[in-house]
>>> print(open('start.cif').read())   # mmCIF, C-alpha atoms
data_upload
loop_
_atom_site.label_atom_id
_atom_site.label_comp_id
_atom_site.auth_asym_id
_atom_site.auth_seq_id
_atom_site.Cartn_x
_atom_site.Cartn_y
_atom_site.Cartn_z
CA MET A 1 42.71 146.91 85.64
CA TYR A 2 42.61 150.32 87.30
CA LEU A 3 42.86 153.70 85.54
CA SER A 4 43.17 156.85 87.61
CA ASP A 5 43.67 160.60 87.26
CA LYS A 6 43.03 163.64 89.48
CA ASN A 7 41.18 165.51 86.73
CA SER A 8 37.53 164.73 87.51
CA GLU A 9 36.36 165.88 84.06
CA LEU A 10 38.75 163.50 82.31
CA ILE A 11 37.69 160.61 84.54
CA ASN A 12 34.01 161.37 83.97
CA THR A 13 34.65 161.35 80.21
CA TYR A 14 36.30 157.93 80.31
CA GLN A 15 33.48 156.57 82.46
CA VAL A 16 30.88 157.86 79.99
CA ILE A 17 32.80 156.40 77.03
CA GLN A 18 32.93 153.11 78.89
CA ASN A 19 29.24 152.96 79.78
CA ASN A 20 27.26 155.29 77.49
CA PRO A 21 29.02 155.69 74.11
CA LYS A 22 25.80 156.04 72.08
CA ALA A 23 24.40 158.82 74.26
CA LEU A 24 27.77 160.57 74.19
CA LEU A 25 27.90 160.43 70.39
CA LYS A 26 24.43 161.98 70.19
CA GLU A 27 25.62 164.99 72.23
CA LEU A 28 28.82 165.28 70.20
CA GLU A 29 26.91 165.19 66.93
CA SER A 30 24.83 168.18 68.08
CA LEU A 31 27.94 170.12 69.08
CA GLN A 32 29.60 169.30 65.75
CA LYS A 33 26.63 170.63 63.76
CA ASN A 34 26.33 173.84 65.75
CA HIS A 35 29.98 174.70 66.37
CA ASN A 36 30.87 178.38 66.13
CA LYS A 37 32.63 180.98 68.26
CA GLU A 38 29.54 181.88 70.25
CA LEU A 39 28.82 178.24 71.08
CA PHE A 40 32.45 177.57 72.05
CA TYR A 41 32.56 180.31 74.66
CA SER A 42 29.10 179.58 76.01
CA ILE A 43 30.06 175.91 76.45
CA ARG A 44 33.48 176.75 77.86
CA ASN A 45 32.08 179.22 80.40
CA LEU A 46 29.56 176.80 81.86
CA ASP A 47 32.01 175.95 84.64
CA ARG A 48 31.74 179.55 85.86
CA ASN A 49 28.23 178.64 87.05
CA LYS A 50 27.75 177.21 90.54
CA ASP A 51 25.38 174.57 89.10
CA PHE A 52 28.07 173.13 86.82
CA MET A 53 28.77 170.17 89.09
CA HIS A 54 25.14 169.10 88.82
CA LEU A 55 25.06 168.96 85.01
CA ASP A 56 24.37 165.61 83.34
CA SER A 57 27.53 163.48 83.22
CA ILE A 58 27.04 162.63 79.53
CA PHE A 59 26.77 166.29 78.55
CA LYS A 60 29.83 167.12 80.67
CA ALA A 61 31.82 164.42 78.87
CA ALA A 62 30.72 165.78 75.48
CA ARG A 63 31.69 169.27 76.63
CA PHE A 64 35.15 168.09 77.66
CA ILE A 65 35.77 166.42 74.30
CA TYR A 66 34.31 169.37 72.38
CA LEU A 67 36.52 171.90 74.15
CA ASN A 68 39.66 169.84 73.68
CA LYS A 69 38.93 169.42 69.98
CA THR A 70 38.17 173.09 69.32
CA CYS A 71 40.36 175.03 71.75
CA PHE A 72 43.82 176.40 70.93
CA ASN A 73 46.13 173.48 70.13
CA GLY A 74 43.93 171.09 72.14
CA LEU A 75 45.50 172.48 75.31
CA CYS A 76 43.57 171.36 78.41
CA ARG A 77 44.24 174.17 80.88
CA TYR A 78 42.49 175.48 83.99
CA ASN A 79 42.86 178.68 85.99
CA ALA A 80 43.25 178.90 89.77
CA LYS A 81 39.47 178.60 90.17
CA GLY A 82 39.40 175.35 88.24
CA GLU A 83 37.80 176.94 85.19
CA PHE A 84 38.74 175.81 81.67
CA ASN A 85 40.42 178.89 80.23
CA THR A 86 42.03 177.94 76.90
CA PRO A 87 40.73 180.21 74.08
CA MET A 88 39.14 178.93 70.89
CA GLY A 89 41.48 177.62 68.22
CA SER A 90 41.60 178.75 64.61
CA TYR A 91 40.13 175.74 62.82
CA LYS A 92 37.99 175.92 59.69
CA ASN A 93 36.14 172.66 60.22
CA PRO A 94 37.39 170.78 63.29
CA LYS A 95 36.50 167.09 63.60
CA ILE A 96 35.05 166.92 67.08
CA TYR A 97 34.53 163.17 67.32
CA ASP A 98 35.28 159.86 65.65
CA LYS A 99 32.43 157.36 66.01
CA ASN A 100 34.60 154.27 65.54
CA LEU A 101 37.20 155.56 67.97
CA ILE A 102 34.57 156.13 70.66
CA PHE A 103 33.14 152.62 70.27
CA ASN A 104 36.60 151.01 70.14
CA ALA A 105 37.62 152.90 73.29
CA SER A 106 34.40 151.81 75.00
CA ASN A 107 35.13 148.18 74.19
CA ALA A 108 38.72 148.49 75.41
CA LEU A 109 37.57 149.99 78.72
CA GLN A 110 35.13 147.20 79.56
CA GLY A 111 36.16 145.62 82.85
CA ALA A 112 38.36 148.52 83.91
CA GLN A 113 37.79 150.41 87.15
CA ILE A 114 38.13 154.11 86.36
CA LEU A 115 38.75 156.23 89.45
CA CYS A 116 39.42 159.86 90.31
CA LEU A 117 42.25 159.48 92.80
CA ASP A 118 45.64 160.95 93.62
CA PHE A 119 48.44 158.56 92.69
CA VAL A 120 49.36 158.18 96.38
CA ASP A 121 45.94 156.67 97.07
CA MET A 122 45.86 154.68 93.86
CA ILE A 123 49.08 152.79 94.45
CA LYS A 124 47.71 151.38 97.71
CA LEU A 125 45.91 148.91 95.46
CA ALA A 126 49.16 147.60 93.95
CA LYS A 127 50.60 144.26 95.01
CA SER A 128 53.62 142.14 94.10
CA GLY A 129 53.63 141.20 90.41
CA ASP A 130 51.31 144.04 89.35
CA PHE A 131 52.29 146.52 86.65
CA VAL A 132 51.99 150.26 87.45
CA TYR A 133 52.53 152.97 84.86
CA PHE A 134 52.96 156.61 85.94
CA ASP A 135 52.37 159.46 83.49
CA PRO A 136 52.81 162.53 85.73
CA PRO A 137 52.82 166.19 84.66
CA TYR A 138 56.26 166.38 83.08
CA TYR A 139 58.98 168.30 84.85
CA PRO A 140 59.51 171.56 82.88
CA LEU A 141 62.42 171.65 80.46
CA SER A 142 63.17 175.25 81.49
CA LYS A 143 61.92 177.91 83.89
CA THR A 144 59.85 179.49 81.12
CA SER A 145 58.30 176.25 79.85
CA SER A 146 56.49 175.26 83.03
CA PHE A 147 52.90 174.17 82.49
CA VAL A 148 51.30 172.97 85.71
CA SER A 149 47.66 174.02 85.40
CA TYR A 150 46.22 170.69 84.26
CA THR A 151 45.24 169.83 87.84
CA ASP A 152 47.61 170.91 90.64
CA VAL A 153 51.17 172.19 90.91
CA PHE A 154 53.59 169.32 90.24
CA LEU A 155 57.18 170.50 90.52
CA GLU A 156 60.26 169.44 92.55
CA LYS A 157 58.47 168.49 95.77
CA GLU A 158 55.81 166.49 93.95
CA GLN A 159 58.34 164.81 91.64
CA GLU A 160 60.37 163.77 94.68
CA ARG A 161 57.24 162.35 96.31
CA LEU A 162 56.61 160.33 93.16
CA ARG A 163 60.21 159.08 93.19
CA GLU A 164 59.83 157.74 96.71
CA ILE A 165 56.63 155.90 95.79
CA PHE A 166 58.28 154.57 92.63
CA LYS A 167 61.15 153.21 94.74
CA GLU A 168 58.79 151.76 97.34
CA LEU A 169 56.74 149.90 94.73
CA ASP A 170 59.89 148.59 93.06
CA SER A 171 61.15 147.25 96.39
CA LYS A 172 57.85 145.35 96.75
CA ASN A 173 58.35 143.59 93.40
CA VAL A 174 55.77 145.72 91.62
CA LYS A 175 56.67 146.30 87.96
CA VAL A 176 56.86 150.08 87.58
CA LEU A 177 57.29 152.27 84.53
CA GLN A 178 57.19 156.04 84.23
CA SER A 179 57.43 158.60 81.44
CA ASN A 180 58.85 162.06 82.10
CA SER A 181 60.84 164.88 80.56
CA ASN A 182 64.46 164.47 79.58
CA THR A 183 66.03 166.72 82.21
CA THR A 184 69.01 166.52 84.53
CA PHE A 185 66.70 166.83 87.54
CA ILE A 186 64.65 163.76 86.59
CA LYS A 187 67.74 161.71 85.72
CA GLU A 188 69.22 162.54 89.13
CA GLN A 189 66.03 161.41 90.85
CA TYR A 190 66.19 157.96 89.26
CA LYS A 191 69.85 157.08 89.46
CA GLY A 192 70.20 153.31 89.63
CA PHE A 193 67.05 152.67 87.59
CA LYS A 194 66.89 151.85 83.91
CA ILE A 195 66.42 155.08 81.95
CA LEU A 196 65.66 154.98 78.24
CA GLU A 197 65.57 158.03 75.97
CA ILE A 198 62.81 157.86 73.37
CA GLN A 199 61.44 160.13 70.66
CA ALA A 200 57.86 161.33 71.17
CA LYS A 201 55.69 163.60 69.04
CA ARG A 202 54.39 166.83 70.55
CA ALA A 203 51.83 169.07 68.85
CA ILE A 204 51.72 171.92 71.36
CA ASN A 205 54.18 174.77 70.98
CA CYS A 206 53.66 178.50 70.42
CA LYS A 207 56.22 178.23 67.61
CA GLY A 208 55.00 175.98 64.80
CA LYS A 209 58.50 175.03 63.67
CA LYS A 210 59.24 173.55 67.08
CA ARG A 211 56.30 171.15 66.98
CA GLY A 212 57.42 167.61 66.28
CA GLU A 213 59.50 164.95 67.97
CA ILE A 214 61.26 165.59 71.26
CA THR A 215 63.30 163.34 73.53
CA GLU A 216 61.52 161.97 76.59
CA LEU A 217 62.47 159.47 79.27
CA LEU A 218 61.04 156.06 80.08
CA ILE A 219 62.10 155.01 83.58
CA ARG A 220 61.84 151.36 84.49
CA GLY A 221 62.00 149.64 87.84
CA LYS A 222 64.60 147.00 88.64
CA TYR A 223 62.13 144.16 89.07
CA GLU A 224 62.00 141.79 86.09
#
>>> encode(input="start.cif", output="structure tokens")
Amino acid sequence: MYLSDKNSELINTYQVIQNNPKALLKELESLQKNHNKELFYSIRNLDRNKDFMHLDSIFKAARFIYLNKTCFNGLCRYNAKGEFNTPMGSYKNPKIYDKNLIFNASNALQGAQILCLDFVDMIKLAKSGDFVYFDPPYYPLSKTSSFVSYTDVFLEKEQERLREIFKELDSKNVKVLQSNSNTTFIKEQYKGFKILEIQAKRAINCKGKKRGEITELLIRGKYE
């Protein structure tokens, strides 16, 4: 089994969970005990330092989890320089980690190859009969709802590139599945494929009343 993403911090975190869950939990426990506003911003701003890339991988994984558990709405966002820039959230006593969840995830990841690759490079490993699931940055529902700062810009051109790869894999008898936003643009891209509308929960929205279930698409290849 292969798991891949372009976000190197996310991939490092999964690799640490896979191989060093106890050491990770020790770092997370320290962050949990000492969490406050000053600590949040000092931890967040570490990636402004040129030595950030040389920090211990276990600490970097703990930092990634800590920031995502304590930042505003758990929104993982980077600026143009690749710096984590989501502000601190308003939580009285955030639960930064779940010991059982970390160990269960570690067990589930045993045997998996976790790679930091673009999907174009990753799919070169796929062969007939394999199952490939794509979870790309969703195409924005409107011009004002675009959020593309997770890794790189992923709009029309990138979605069309993904469509061509999706079609290529399907033609090679690879079982392909993709999730994406329920938009006319995405539906047009995948005419002829099986498109299922599903309800999915979303916790991120500047308006609290709009947080909840939204309709998303599951797009399935033709190969049975």
>>> atom_distance(input="start.cif", atom1="CA of Tyr91 in chain A", atom2="CA of Gln18 in chain A")
28.7 Å
>>> closest_residue(input="start.cif", among="A:Ile219, A:Val132, A:Ile214, A:Ala108", to="Lys201 in chain A", atoms="all atoms listed in the file")
A:Ile214
>>> atom_distance(input="start.cif", atom1="CA of Glu83 in chain A", atom2="CA of Lys22 in chain A")
27.4 Å
>>> atom_distance(input="start.cif", atom1="CA of Leu125 in chain A", atom2="CA of Phe166 in chain A")
13.9 Å
>>> resolve_selection(input="start.cif", expression="the PyMOL selection byres ((chain A and resi 174) around 9)", output="number ranges by chain")
A: 126-132, 168-173, 175-176, 221, 223
>>> residues_around(input="start.cif", residues="range 119-122 of chain A", least_positions_apart="4", cutoff="8 Å", atoms="all atoms listed in the file", output="MDAnalysis selection string")
chainID A and resid 4:5 126 165
>>> resolve_selection(input="start.cif", expression="the PyMOL selection byres ((chain A and resi 95) around 10)", output="list of chain:residue names")
A:Gln32, A:Tyr66, A:Lys69, A:Thr70, A:Tyr91, A:Lys92, A:Asn93, A:Pro94, A:Ile96, A:Tyr97, A:Asp98
>>> resolve_selection(input="start.cif", expression="the PyMOL selection byres ((chain A and resi 6-15) around 8)", output="PDB file with C-alpha atoms, keeping the file's coordinate frame")
ATOM      1  CA  SER A   4      43.170 156.850  87.610  1.00  0.00           C
ATOM      2  CA  ASP A   5      43.670 160.600  87.260  1.00  0.00           C
ATOM      3  CA  VAL A  16      30.880 157.860  79.990  1.00  0.00           C
ATOM      4  CA  ILE A  17      32.800 156.400  77.030  1.00  0.00           C
ATOM      5  CA  GLN A  18      32.930 153.110  78.890  1.00  0.00           C
ATOM      6  CA  ASN A  19      29.240 152.960  79.780  1.00  0.00           C
ATOM      7  CA  SER A  57      27.530 163.480  83.220  1.00  0.00           C
ATOM      8  CA  ILE A  58      27.040 162.630  79.530  1.00  0.00           C
ATOM      9  CA  LYS A  60      29.830 167.120  80.670  1.00  0.00           C
ATOM     10  CA  ALA A  61      31.820 164.420  78.870  1.00  0.00           C
ATOM     11  CA  ALA A  62      30.720 165.780  75.480  1.00  0.00           C
ATOM     12  CA  PHE A  64      35.150 168.090  77.660  1.00  0.00           C
ATOM     13  CA  ILE A  65      35.770 166.420  74.300  1.00  0.00           C
ATOM     14  CA  ILE A 114      38.130 154.110  86.360  1.00  0.00           C
ATOM     15  CA  LEU A 115      38.750 156.230  89.450  1.00  0.00           C
ATOM     16  CA  CYS A 116      39.420 159.860  90.310  1.00  0.00           C
ATOM     17  CA  LEU A 117      42.250 159.480  92.800  1.00  0.00           C
ATOM     18  CA  ASP A 118      45.640 160.950  93.620  1.00  0.00           C
ATOM     19  CA  TYR A 150      46.220 170.690  84.260  1.00  0.00           C
ATOM     20  CA  THR A 151      45.240 169.830  87.840  1.00  0.00           C
TER      21      THR A 151
END
>>> residues_near_point(input="start.cif", point="(28.9, 153.7, 71.5)", cutoff="9 Å", atoms="all atoms listed in the file", output="VMD selection string")
chain A and resid 17 to 25 99 to 100 102 to 107
>>> residues_around(input="start.cif", residues="range 38-51 of chain A", least_positions_apart="6", cutoff="10 Å", atoms="only C-alpha atoms", output="list in words")
Leu31, Lys60, Arg63, Phe64, Tyr66, Leu67, Thr70, Cys71, Lys81, Gly82, Glu83, Phe84, Asn85, Thr86, Pro87, Met88 and Gly89 of chain A
>>> residues_around(input="start.cif", residues="Glu160 in chain A", least_positions_apart="2", cutoff="12 Å", atoms="all atoms listed in the file", output="list in words")
Pro136, Tyr139, Phe154, Leu155, Glu156, Lys157, Glu158, Leu162, Arg163, Glu164, Ile165, Phe166, Lys167, Phe185, Ile186, Lys187, Glu188, Gln189 and Tyr190 of chain A
>>> closest_residue(input="start.cif", among="A:Lys37, A:Asp135, A:Gly192, A:Gln110", to="Ser90 in chain A", atoms="all atoms listed in the file")
A:Lys37
>>> closest_residue(input="start.cif", among="A:Leu101, A:Arg161, A:Asn182, A:Gly111", to="Pro140 in chain A", atoms="all atoms listed in the file")
A:Asn182
>>> closest_residue(input="start.cif", among="A:Gln178, A:Thr183, A:Arg77, A:Leu217", to="Glu197 in chain A", atoms="only C-alpha atoms")
A:Leu217
>>> build_atoms(input="start.cif", residues="range 17-34 of chain A", atoms="N, CA and C atoms", output="PDB file, in the coordinates of the input")
ATOM      1  N   ILE A  17      32.407 157.182  78.215  1.00  0.00           N
ATOM      2  CA  ILE A  17      32.800 156.400  77.030  1.00  0.00           C
ATOM      3  C   ILE A  17      32.644 154.915  77.309  1.00  0.00           C
ATOM      4  N   GLN A  18      33.020 154.508  78.502  1.00  0.00           N
ATOM      5  CA  GLN A  18      32.930 153.110  78.890  1.00  0.00           C
ATOM      6  C   GLN A  18      31.477 152.613  78.930  1.00  0.00           C
ATOM      7  N   ASN A  19      30.588 153.429  79.482  1.00  0.00           N
ATOM      8  CA  ASN A  19      29.240 152.960  79.780  1.00  0.00           C
ATOM      9  C   ASN A  19      28.122 153.496  78.885  1.00  0.00           C
ATOM     10  N   ASN A  20      28.334 154.667  78.268  1.00  0.00           N
ATOM     11  CA  ASN A  20      27.260 155.290  77.490  1.00  0.00           C
ATOM     12  C   ASN A  20      27.758 155.893  76.175  1.00  0.00           C
ATOM     13  N   PRO A  21      28.450 155.119  75.340  1.00  0.00           N
ATOM     14  CA  PRO A  21      29.020 155.690  74.110  1.00  0.00           C
ATOM     15  C   PRO A  21      27.969 156.236  73.143  1.00  0.00           C
ATOM     16  N   LYS A  22      26.820 155.583  73.023  1.00  0.00           N
ATOM     17  CA  LYS A  22      25.800 156.040  72.080  1.00  0.00           C
ATOM     18  C   LYS A  22      25.222 157.389  72.493  1.00  0.00           C
ATOM     19  N   ALA A  23      24.930 157.543  73.776  1.00  0.00           N
ATOM     20  CA  ALA A  23      24.400 158.820  74.260  1.00  0.00           C
ATOM     21  C   ALA A  23      25.433 159.930  74.124  1.00  0.00           C
ATOM     22  N   LEU A  24      26.682 159.596  74.346  1.00  0.00           N
ATOM     23  CA  LEU A  24      27.770 160.570  74.190  1.00  0.00           C
ATOM     24  C   LEU A  24      27.863 161.029  72.745  1.00  0.00           C
ATOM     25  N   LEU A  25      27.798 160.092  71.808  1.00  0.00           N
ATOM     26  CA  LEU A  25      27.900 160.430  70.390  1.00  0.00           C
ATOM     27  C   LEU A  25      26.739 161.331  69.954  1.00  0.00           C
ATOM     28  N   LYS A  26      25.578 161.140  70.517  1.00  0.00           N
ATOM     29  CA  LYS A  26      24.430 161.980  70.190  1.00  0.00           C
ATOM     30  C   LYS A  26      24.697 163.435  70.590  1.00  0.00           C
ATOM     31  N   GLU A  27      25.284 163.633  71.770  1.00  0.00           N
ATOM     32  CA  GLU A  27      25.620 164.990  72.230  1.00  0.00           C
ATOM     33  C   GLU A  27      26.721 165.585  71.363  1.00  0.00           C
ATOM     34  N   LEU A  28      27.709 164.784  71.015  1.00  0.00           N
ATOM     35  CA  LEU A  28      28.820 165.280  70.200  1.00  0.00           C
ATOM     36  C   LEU A  28      28.371 165.647  68.794  1.00  0.00           C
ATOM     37  N   GLU A  29      27.434 164.892  68.260  1.00  0.00           N
ATOM     38  CA  GLU A  29      26.910 165.190  66.930  1.00  0.00           C
ATOM     39  C   GLU A  29      26.235 166.567  66.915  1.00  0.00           C
ATOM     40  N   SER A  30      25.487 166.875  67.968  1.00  0.00           N
ATOM     41  CA  SER A  30      24.830 168.180  68.080  1.00  0.00           C
ATOM     42  C   SER A  30      25.856 169.303  68.159  1.00  0.00           C
ATOM     43  N   LEU A  31      26.902 169.104  68.945  1.00  0.00           N
ATOM     44  CA  LEU A  31      27.940 170.120  69.080  1.00  0.00           C
ATOM     45  C   LEU A  31      28.691 170.319  67.760  1.00  0.00           C
ATOM     46  N   GLN A  32      28.929 169.216  67.046  1.00  0.00           N
ATOM     47  CA  GLN A  32      29.600 169.300  65.750  1.00  0.00           C
ATOM     48  C   GLN A  32      28.802 170.144  64.761  1.00  0.00           C
ATOM     49  N   LYS A  33      27.494 169.920  64.711  1.00  0.00           N
ATOM     50  CA  LYS A  33      26.630 170.630  63.760  1.00  0.00           C
ATOM     51  C   LYS A  33      26.525 172.115  64.074  1.00  0.00           C
ATOM     52  N   ASN A  34      26.588 172.460  65.347  1.00  0.00           N
ATOM     53  CA  ASN A  34      26.330 173.840  65.750  1.00  0.00           C
ATOM     54  C   ASN A  34      27.574 174.629  66.145  1.00  0.00           C
TER      55      ASN A  34
END
